[in-house]
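For reference, the structure discussed in these notes is given below.
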Amino acid sequence: MDDVAAHAGVSRALVSLVMRDSPRVSDHSRKKVLASANELGYRPNAWARNLASGQTNTIGVMLNDLHNPYFTELAEGVAATAAENGMEVLITSGWQRESGEHAAIDTLLNLRTDGIVIGAARFSGEVFDEVAQQLPAVAVANFDRPDSMDTVCNDEAHGAELVVEHLTSLGHDRIAHIDAGNAPGAPERRRGFMSAMSDRGLAPIVFEGDFNEHAGRDAAEQLMRLKQPPTAIFAANDLSATGVLAHLRSIGARVPEDVAVVGYDDTLLAGLGALSLTTVHQPRQLFGQRATELLIERIKGRTAAKHELIQPRLVVRSSTGPAPT
């Protein structure tokens, strides 16, 4: 700033006011200082300025897996809302590994972000509590943080119920669910599926998998080897469903004439013409928006935890049809 002040022939204090966008500076002086700064290639050190004020004006975002379009769209919601509130966003990922999630959280803490949005993390409840003790935080798609931080969740059980309702209305009674174990949201989807099947007097088929294409393909391969294969498969998510579709096509099974397939999330993949996947829609950008709004409230001093449960809806495409006779 000394160099800019000397070049513009003004005081260092005036340069500081211009860089802080103070309304106390005339248009003439502002243009003069900015022209000198541009000519000298000067950039203000935002980190130093923010740390001096006690805040970095930055939100950290830790996402479970950047390979999954679900998290990309969640991040878009966070970034848009942060920008509307004059805040920057730093995004990192744990890459579906607990050790990676720990490292990602440590990075955001070390960078002194004002708060953190945690997207579907797989680490333990104790870690959530430790993070919440250090700075404001909001968890997306994590159901077990009732007191330590705010949460924004999809009603996963209801989403699974919508799937069973749709498939049984088409005449399917041998319906399999590819599960994702204890991954965020998976236990709730599993419970919703089993409850909906039981309510209709049907035996649920639950097969262990995960939220990725390889798990979906492996599970579909084993399901189709059963003595009585399912006529419909409800995959853990859209990525898992792509693996299911790949295996079915590899063995010549027609979708939906022989086997109906349903995903979950309604990511960009599901709407592609080649897939045209029936799936449960989650408003990912809304999750990011609400998580950021809640986080900003926390940063400003709110202490009581808030928990939002958002309702999904079923999007029917061409991967489901009547049960085979």
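Going by the structure tokens order, chains are called A, B, ..., each with residues numbered from 1, while ligands are numbered from 1 in the order shown.
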Exercise: Leu226 in chain A partners within 12 Å, only C-alpha atoms, chain neighbours under 5 positions left out, as a ChimeraX atom specification
/A:174,176,205,207,219-221,231
Output C-alpha atoms for every residue in that selection, as a PDB file, in the first residue's frame.
```pdb
ATOM      1  CA  ARG A 174     -40.121 -59.249  -5.870  1.00  0.00           C
ATOM      2  CA  ALA A 176     -34.633 -55.851  -4.120  1.00  0.00           C
ATOM      3  CA  ILE A 205     -34.773 -58.358  -0.368  1.00  0.00           C
ATOM      4  CA  PHE A 207     -28.418 -56.746  -0.566  1.00  0.00           C
ATOM      5  CA  ALA A 219     -24.844 -56.550  -6.326  1.00  0.00           C
ATOM      6  CA  ALA A 220     -26.908 -56.810  -9.523  1.00  0.00           C
ATOM      7  CA  GLU A 221     -24.767 -59.707 -10.723  1.00  0.00           C
ATOM      8  CA  THR A 231     -38.329 -58.017 -11.108  1.00  0.00           C
TER       9      THR A 231
END
```
Mind checking DSSP for range 2-200 of chain A and telling me the strand (DSSP E) residues as number ranges by chain?
A: 58-63, 88-93, 115-119, 137-140, 150-154, 175-179
File dump, residues just selected, N, CA, C and O atoms, as a compact mmCIF listing (two decimals), in the first residue's frame:
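Produced file result-v2.txt, reproduced below:
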```
# COMPACT_ATOMS: atom_id res chain seq x y z
N THR A 58 -14.95 -16.42 5.36
CA THR A 58 -14.86 -17.59 4.50
C THR A 58 -15.60 -18.76 5.11
O THR A 58 -15.53 -18.99 6.32
N ILE A 59 -16.33 -19.50 4.28
CA ILE A 59 -17.00 -20.72 4.70
C ILE A 59 -16.24 -21.92 4.13
O ILE A 59 -15.92 -21.95 2.94
N GLY A 60 -15.95 -22.89 4.97
CA GLY A 60 -15.34 -24.13 4.52
C GLY A 60 -16.41 -25.16 4.19
O GLY A 60 -17.45 -25.21 4.85
N VAL A 61 -16.15 -25.98 3.18
CA VAL A 61 -17.09 -27.03 2.79
C VAL A 61 -16.33 -28.34 2.67
O VAL A 61 -15.37 -28.44 1.89
N MET A 62 -16.72 -29.33 3.46
CA MET A 62 -16.10 -30.66 3.38
C MET A 62 -17.12 -31.62 2.77
O MET A 62 -18.17 -31.86 3.35
N LEU A 63 -16.81 -32.15 1.59
CA LEU A 63 -17.73 -33.02 0.87
C LEU A 63 -17.22 -34.46 0.89
O LEU A 63 -16.01 -34.70 0.83
N GLU A 88 -16.63 -15.86 0.94
CA GLU A 88 -15.91 -16.77 0.04
C GLU A 88 -16.11 -18.21 0.50
O GLU A 88 -16.52 -18.47 1.64
N VAL A 89 -15.81 -19.16 -0.39
CA VAL A 89 -15.98 -20.58 -0.09
C VAL A 89 -14.70 -21.35 -0.40
O VAL A 89 -14.09 -21.15 -1.45
N LEU A 90 -14.29 -22.21 0.53
CA LEU A 90 -13.19 -23.13 0.31
C LEU A 90 -13.75 -24.55 0.35
O LEU A 90 -14.40 -24.94 1.32
N ILE A 91 -13.52 -25.33 -0.72
CA ILE A 91 -14.09 -26.67 -0.83
C ILE A 91 -12.99 -27.72 -0.78
O ILE A 91 -11.97 -27.60 -1.46
N THR A 92 -13.22 -28.74 0.04
CA THR A 92 -12.28 -29.87 0.09
C THR A 92 -13.09 -31.15 0.21
O THR A 92 -14.31 -31.11 0.37
N SER A 93 -12.42 -32.30 0.11
CA SER A 93 -13.14 -33.58 0.12
C SER A 93 -12.38 -34.61 0.94
O SER A 93 -11.15 -34.56 1.06
N GLY A 115 -16.80 -20.87 9.53
CA GLY A 115 -17.73 -21.96 9.78
C GLY A 115 -17.55 -23.04 8.72
O GLY A 115 -16.87 -22.81 7.71
N ILE A 116 -18.14 -24.21 8.95
CA ILE A 116 -17.96 -25.33 8.03
C ILE A 116 -19.31 -25.98 7.72
O ILE A 116 -20.10 -26.24 8.63
N VAL A 117 -19.54 -26.25 6.43
CA VAL A 117 -20.65 -27.10 6.00
C VAL A 117 -20.06 -28.49 5.76
O VAL A 117 -19.13 -28.65 4.97
N ILE A 118 -20.61 -29.49 6.45
CA ILE A 118 -20.10 -30.85 6.35
C ILE A 118 -21.10 -31.68 5.54
O ILE A 118 -22.24 -31.87 5.96
N GLY A 119 -20.68 -32.15 4.38
CA GLY A 119 -21.58 -32.86 3.48
C GLY A 119 -21.45 -34.36 3.56
O GLY A 119 -20.50 -34.93 3.01
N ALA A 137 -20.88 -24.97 12.72
CA ALA A 137 -20.89 -26.01 11.69
C ALA A 137 -22.31 -26.49 11.43
O ALA A 137 -23.17 -26.45 12.31
N VAL A 138 -22.55 -26.92 10.19
CA VAL A 138 -23.84 -27.49 9.79
C VAL A 138 -23.56 -28.79 9.05
O VAL A 138 -22.68 -28.85 8.19
N ALA A 139 -24.29 -29.85 9.41
CA ALA A 139 -24.13 -31.14 8.75
C ALA A 139 -25.28 -31.38 7.78
O ALA A 139 -26.44 -31.20 8.14
N VAL A 140 -24.95 -31.77 6.55
CA VAL A 140 -25.94 -32.12 5.55
C VAL A 140 -25.96 -33.63 5.40
O VAL A 140 -24.92 -34.26 5.24
N ASP A 150 -26.31 -27.68 13.68
CA ASP A 150 -27.50 -27.68 12.84
C ASP A 150 -27.40 -28.81 11.81
O ASP A 150 -26.30 -29.23 11.43
N THR A 151 -28.56 -29.27 11.33
CA THR A 151 -28.57 -30.31 10.30
C THR A 151 -29.60 -29.98 9.23
O THR A 151 -30.63 -29.36 9.51
N VAL A 152 -29.30 -30.38 8.01
CA VAL A 152 -30.24 -30.31 6.89
C VAL A 152 -30.26 -31.70 6.26
O VAL A 152 -29.24 -32.18 5.77
N CYS A 153 -31.42 -32.36 6.31
CA CYS A 153 -31.51 -33.73 5.84
C CYS A 153 -32.70 -33.93 4.91
O CYS A 153 -33.70 -33.22 5.00
N ASN A 154 -32.57 -34.91 4.07
CA ASN A 154 -33.68 -35.37 3.24
C ASN A 154 -34.45 -36.44 4.01
O ASN A 154 -33.86 -37.20 4.78
N ILE A 175 -39.04 -57.25 -5.08
CA ILE A 175 -38.28 -56.00 -5.18
C ILE A 175 -37.05 -56.10 -4.30
O ILE A 175 -37.14 -56.44 -3.11
N ALA A 176 -35.89 -55.81 -4.87
CA ALA A 176 -34.63 -55.85 -4.12
C ALA A 176 -34.10 -54.43 -3.91
O ALA A 176 -34.23 -53.58 -4.80
N HIS A 177 -33.53 -54.22 -2.76
CA HIS A 177 -32.88 -52.93 -2.46
C HIS A 177 -31.40 -53.16 -2.27
O HIS A 177 -30.99 -53.96 -1.42
N ILE A 178 -30.59 -52.49 -3.07
CA ILE A 178 -29.14 -52.51 -2.87
C ILE A 178 -28.81 -51.45 -1.84
O ILE A 178 -28.99 -50.26 -2.07
N ASP A 179 -28.32 -51.88 -0.70
CA ASP A 179 -28.12 -51.05 0.47
C ASP A 179 -26.72 -50.43 0.44
O ASP A 179 -25.83 -50.90 -0.25
```
Determine which residues of range 37-92 of chain A receive a DSSP assignment of helix (DSSP H, G or I), computed from the backbone, and state them as number ranges by chain.
A: 37-40, 46-53, 69-84
Can you work out which one of A:Asp106, A:Asp173, A:Glu156, A:Glu98 has the shortest atom-to-atom distance to Ala121 in chain A, counting only C-alpha atoms?
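Closest candidate: A:Glu98.
What separates CA of Gly181 in chain A from CA of Val315 in chain A is a distance of 24.3 Å.
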Among the residues A:His158, A:Arg12, A:Arg122, A:Arg284, the one that comes closest to Asp65 in chain A [using only C-alpha atoms]:
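Closest to Asp65 in chain A, using only C-alpha atoms: A:Arg122.
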Please compute the CA of Thr168 in chain A-CA of Thr325 in chain A distance, one decimal, in Å.
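Calculated distance between CA of Thr168 in chain A and CA of Thr325 in chain A is 13.9 Å.
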Rounded to one decimal, what separation in Å do you get between CA of Gly192 in chain A and CA of Gly159 in chain A?
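CA of Gly159 in chain A lies at a distance of 7.6 Å from CA of Gly192 in chain A.
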Using only C-alpha atoms, which residue out of A:Asp155, A:Glu126, A:Asp21, A:Glu73 lies closest to Leu268 in chain A?
A:Glu73
